[in-house]
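**Student:** Below are the structure tokens for one structure; questions will follow.
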Amino acid sequence: MAAATESRMTPRQRRRLSRAIQYAVAAAVVIAIAALADWGRIADSFLQIDIAAAMFPAVWTAFWNTIVYTLLAFVFGMIAGVPIALMRVSTFGPYRWFAACYVEVFRGLPSLLVLFLVGFGVPQAFPGLQYPGGVYGQVAIGLGLTSSAYIAESVRAGIQAVPKGQVEAARSLGMSHTRTMITVVLPQALRIVIPPLTNELVMLTKDSSLVFVLGVTTATMELSKFARNELTSTANATPLLVGGLLYLLLTVPLSALARRLEKRGDTR
Amino acid sequence: MNTADTEGDAAGDPLVRIRGLRKRFGDNEVLRGIDLDIAEGEVVCLIGPSGSGKSTLLRCVNLLEAPTEGTIAAAGHDMTGPDADLDAARTDIGMVFQHFNLFSHLSILDNVAIAQRRVRKTPRREAEAEARRRLAEVGIEGKETARPSQLSGGQQQRVAIARALAMNPRLMLFDEPTSALDPELVGEVLSVMKGLAAEGMTMLVVTHEMSFAREVADRVLFLDGGVIVESGTPAEVLTNPKTERARGFLHRVLHPVD
């Protein structure tokens, strides 16, 4: 009988029926969860308005530090990553090999381990060594090293995506290899890699939560550590929700920006 | 202009001198012994079937393609010598490409001015004034701030010619300059090239435009299998080809559907 009904339906009717079934299932799941969950308890754990309010304005310092750590790591990542990318595409073998090793090492190590290495390993091996800017310097280098490996790979891909004809035109006008790179290839490559670099910024925003392992004070604390401290002192999960929302305040616009830049890149 | 490595630059000596040029890509020998002289002010058109080595020969003149064997002197520079300063030599040799290759991140004005500024270190204002003059010369006006992608193919190619001319070259190389254009845009590019020839520019042109070759060239070379099979005036090569290969090629080009 089912077969008979189906055969009488037009393709459009069949699509509509299938859509309706999916909506019904989704609605059923939502209703089941809503009915089964202990809303009072959830609200008690996550939605204590007074606990959330008490986090302000101190949380802004942590929020600000998250931004600062992210940008420091990103700037270091660019400063180290762009030259590494150039070395990757160099005609001079040793440059290529060094850059390949660098990328493999720092892309292959967990950010946390690199941070430990920079924060504790290196100072132990070189006593008396002071990072400029204290914990800020440590973060720039510790997170920046990992980031520079990813940035280098993005930029390398961008350089290789610049059409060969652009290089030939520049060389035929008398530009040297280096001059061609600086004047023609890099500006175009950087335009190509803006969307992936924006994504890298999103990754770094989240990785800045690792900074707490370096031992931070109230003044240098970032969002995750701040939220965790509040969680401990209030024995309530509301600070995590507030912290999470503040992260999304940074990452969602960045992701949206990356998507828009990607789209603009397509139409070019 | 660099006169230190000048060789055969005296009056009457050719502007381009190629001897025993061979080019191999792996096992594929694309050029098999080319000897060619081009006099100052001469317009030479290179014709021949695809894969005959026309473009490779052209690209060897400014060493965009390094020869496997042979010597090349061009625009007063010994291109294949051990002390060749290719960057300096290339400022005297303009090149125009099939796909224009305008710098896509720069405005039209910057495209034409950039090499003067970055290679010759000409002050910005001077370089831009020269760029405007060159753009006017090729009939591009009021597009200074546009991007290459906003121009038609014919306009882009004319900008590319202006870009090459802005360096004040002694020799111009054209690599199938109209092959990527819509048919109705071919004329505007060819007429710019014709004007350039009339002013006495030395030109080496790889082309499939037989009417252009007939009208503008002083000499036509028919290339096949990596060697120059015929060389002579347009009338000799295009109207009365001596070899069967050239006759067959011309017949196929002029009567594609026969």
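By order in the structure tokens, chains are A, B, ...; within a chain, residues start at 1; ligands start at 1, following the order shown.
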Select from segment 29-139 of chain A everything DSSP, run on the backbone, classes as helix (DSSP H, G or I), then give the selection as a VMD selection string.

**Tutor:** chain A and resid 29 to 36 39 to 46 49 to 55 58 to 88 93 to 108 111 to 125 135 to 139

**Student:** Could you list, as JSON, numbers by chain, every residue of chain B that has an atom within 8 Å of an atom of chain A, counting only C-alpha atoms?

**Tutor:** {"B": [62, 64, 86, 87, 88, 89, 90, 91, 93, 94, 95, 97, 99, 101, 102, 103, 104, 105, 115, 118, 119, 164, 167]}

**Student:** Grab the atom CA of Thr178 of chain B to atom CA of Gly41 of chain B distance for me, in Å with one decimal place.

**Tutor:**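 Computing it gives 21.9 Å between the two atoms.
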
**Student:** Using only C-alpha atoms, determine which residues lie at most 7 Å from Gly158 of chain A, disregarding the query and same-chain residues fewer than 6 positions distant; provide the list as a PyMOL selection string.

**Tutor:** chain A and resi 189-190+192-193

**Student:** How would the residues just picked look written out with all heavy atoms as a PDB file, in the first residue's frame?

**Tutor:**
```pdb
ATOM      1  N   ALA A 189      50.369  37.651  -3.056  1.00  0.00           N
ATOM      2  CA  ALA A 189      50.256  36.458  -2.214  1.00  0.00           C
ATOM      3  C   ALA A 189      49.534  36.790  -0.917  1.00  0.00           C
ATOM      4  O   ALA A 189      48.647  36.053  -0.476  1.00  0.00           O
ATOM      5  CB  ALA A 189      51.638  35.884  -1.931  1.00  0.00           C
ATOM      6  N   LEU A 190      49.878  37.940  -0.310  1.00  0.00           N
ATOM      7  CA  LEU A 190      49.269  38.296   0.969  1.00  0.00           C
ATOM      8  C   LEU A 190      47.770  38.521   0.800  1.00  0.00           C
ATOM      9  O   LEU A 190      46.981  38.186   1.670  1.00  0.00           O
ATOM     10  CB  LEU A 190      49.956  39.515   1.571  1.00  0.00           C
ATOM     11  CG  LEU A 190      51.373  39.220   2.082  1.00  0.00           C
ATOM     12  CD1 LEU A 190      52.039  40.465   2.648  1.00  0.00           C
ATOM     13  CD2 LEU A 190      51.366  38.112   3.148  1.00  0.00           C
ATOM     14  N   ILE A 192      45.928  36.943  -1.294  1.00  0.00           N
ATOM     15  CA  ILE A 192      45.342  35.608  -1.423  1.00  0.00           C
ATOM     16  C   ILE A 192      45.203  34.941  -0.053  1.00  0.00           C
ATOM     17  O   ILE A 192      44.238  34.226   0.196  1.00  0.00           O
ATOM     18  CB  ILE A 192      46.205  34.729  -2.361  1.00  0.00           C
ATOM     19  CG1 ILE A 192      46.194  35.300  -3.786  1.00  0.00           C
ATOM     20  CG2 ILE A 192      45.736  33.281  -2.358  1.00  0.00           C
ATOM     21  CD1 ILE A 192      47.195  34.646  -4.717  1.00  0.00           C
ATOM     22  N   VAL A 193      46.168  35.202   0.851  1.00  0.00           N
ATOM     23  CA  VAL A 193      46.160  34.466   2.119  1.00  0.00           C
ATOM     24  C   VAL A 193      45.440  35.197   3.247  1.00  0.00           C
ATOM     25  O   VAL A 193      45.431  34.716   4.371  1.00  0.00           O
ATOM     26  CB  VAL A 193      47.584  34.077   2.594  1.00  0.00           C
ATOM     27  CG1 VAL A 193      48.242  33.182   1.582  1.00  0.00           C
ATOM     28  CG2 VAL A 193      48.418  35.295   2.881  1.00  0.00           C
TER      29      VAL A 193
END
```

**Student:** Any idea what's packed within 12 Å of Leu241 of chain A, counting only C-alpha atoms, ignoring anything in its chain fewer than 6 positions away? Could you give it as a short mmCIF file (atom, residue, chain, number, x, y, z; two decimals) with N, CA, C and O atoms, in the first residue's frame?

**Tutor:**
```
data_model
loop_
_atom_site.label_atom_id
_atom_site.label_comp_id
_atom_site.auth_asym_id
_atom_site.auth_seq_id
_atom_site.Cartn_x
_atom_site.Cartn_y
_atom_site.Cartn_z
N ILE A 42 19.94 23.46 35.79
CA ILE A 42 20.78 24.04 34.75
C ILE A 42 20.88 25.56 34.96
O ILE A 42 21.96 26.14 34.90
N ALA A 43 19.76 26.16 35.21
CA ALA A 43 19.76 27.61 35.43
C ALA A 43 20.61 27.96 36.65
O ALA A 43 21.38 28.92 36.63
N SER A 45 23.18 26.38 37.72
CA SER A 45 24.60 26.18 37.44
C SER A 45 25.16 27.25 36.52
O SER A 45 26.30 27.65 36.65
N PHE A 46 24.37 27.65 35.52
CA PHE A 46 24.92 28.49 34.46
C PHE A 46 24.39 29.92 34.43
O PHE A 46 24.99 30.76 33.78
N LEU A 47 23.26 30.13 35.03
CA LEU A 47 22.60 31.41 34.78
C LEU A 47 22.37 32.23 36.04
O LEU A 47 21.31 32.81 36.24
N GLN A 48 23.38 32.27 36.90
CA GLN A 48 23.25 33.10 38.10
C GLN A 48 23.63 34.53 37.74
O GLN A 48 24.80 34.86 37.62
N ILE A 49 22.59 35.36 37.60
CA ILE A 49 22.83 36.73 37.11
C ILE A 49 23.79 37.48 38.03
O ILE A 49 24.68 38.19 37.59
N ILE A 51 26.17 36.35 39.94
CA ILE A 51 27.57 35.89 39.76
C ILE A 51 28.15 36.48 38.48
O ILE A 51 29.27 36.96 38.45
N ALA A 52 27.34 36.45 37.42
CA ALA A 52 27.79 37.02 36.16
C ALA A 52 28.09 38.50 36.32
O ALA A 52 29.14 38.99 35.87
N MET A 55 31.35 39.49 37.91
CA MET A 55 32.59 39.33 37.13
C MET A 55 33.02 40.65 36.49
O MET A 55 34.17 40.83 36.12
N LEU A 223 41.16 35.25 29.56
CA LEU A 223 39.75 34.91 29.81
C LEU A 223 39.53 33.54 30.46
O LEU A 223 38.80 33.42 31.44
N SER A 224 40.17 32.50 29.91
CA SER A 224 39.89 31.15 30.41
C SER A 224 40.31 30.99 31.86
O SER A 224 39.58 30.43 32.68
N ALA A 227 37.94 32.90 34.09
CA ALA A 227 36.67 32.20 34.25
C ALA A 227 36.83 31.00 35.18
O ALA A 227 35.98 30.72 36.01
N ARG A 228 37.97 30.31 35.05
CA ARG A 228 38.19 29.15 35.89
C ARG A 228 38.33 29.56 37.36
O ARG A 228 37.82 28.89 38.26
N GLU A 230 37.00 32.15 38.79
CA GLU A 230 35.67 32.51 39.25
C GLU A 230 34.85 31.26 39.53
O GLU A 230 34.09 31.19 40.48
N LEU A 231 35.02 30.27 38.65
CA LEU A 231 34.32 28.99 38.82
C LEU A 231 34.67 28.39 40.17
O LEU A 231 33.81 27.91 40.92
N TYR A 247 34.50 34.94 24.33
CA TYR A 247 35.31 34.37 23.23
C TYR A 247 34.56 34.48 21.90
O TYR A 247 35.12 34.88 20.88
N LEU A 248 33.28 34.11 21.95
CA LEU A 248 32.49 34.15 20.71
C LEU A 248 32.37 35.57 20.17
O LEU A 248 32.33 35.77 18.96
#
```

**Student:** Write out as an MDAnalysis selection string which residues come within 9 Å of Gln155 of chain B when counting only C-alpha atoms, dropping same-chain ones fewer than 6 positions away.

**Tutor:** chainID B and resid 138:140 148 185 188:189

**Student:** Which is closer to Gly26 of chain B than all the others in B:Ile47, B:Thr68, B:Leu181, B:Leu63, using only C-alpha atoms?

**Tutor:** B:Thr68

**Student:** For Gly121 of chain A, which of A:Leu214, A:Leu249, A:Ala27, A:Ile67 is the closest residue, counting only C-alpha atoms?

**Tutor:**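 Closest to Gly121 of chain A, using only C-alpha atoms: A:Leu214.
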
**Student:** From the options A:Phe63, A:Ala149, A:Leu186, A:Ala73, which residue's atoms come nearest to Cys101 of chain A, counting only C-alpha atoms?

**Tutor:**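 Of the candidates, the smallest distance to Cys101 of chain A is held by A:Ala149.
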
**Student:** Could you pull the residues within 9 Å of segment 141-147 of chain A, counting only C-alpha atoms, minus those fewer than 2 positions along the same chain, as a ChimeraX atom specification?

**Tutor:** /A:69-70,72-78,80-81,103,105-112,114-119,136-139,149-152,200,203-204,207-208,210-211

**Student:** A:Thr205, A:Ser154, A:Thr234, A:Gln130: which is nearest Ala85 of chain A, counting only C-alpha atoms?

**Tutor:** A:Ser154

**Student:** Taking 3 positions as the minimum chain separation for residues in the same chain, which residues sit within 10 Å of Arg219 of chain B when counting only C-alpha atoms? Answer as a list in words.

**Tutor:**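 Contacts, with the query itself left out: Ile38, Glu42, Val43, Val44, Cys45, Leu46, Leu204, Ala213, Arg214, Val216, Ser231, Gly232, Thr233, Pro234, Ala235, Glu236 and Val237 of chain B.
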
**Student:** What is the distance between atom CA of Glu144 of chain B and atom CA of Asn111 of chain B, in Å to one decimal?

**Tutor:** 9.4 Å

**Student:** Nearest to Ser107 of chain B among B:Lys121, B:Arg19, B:Lys54, B:Arg163, with distances taken over only C-alpha atoms: which residue is it?

**Tutor:**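 Using only C-alpha atoms, the shortest distance to Ser107 of chain B belongs to B:Arg163.
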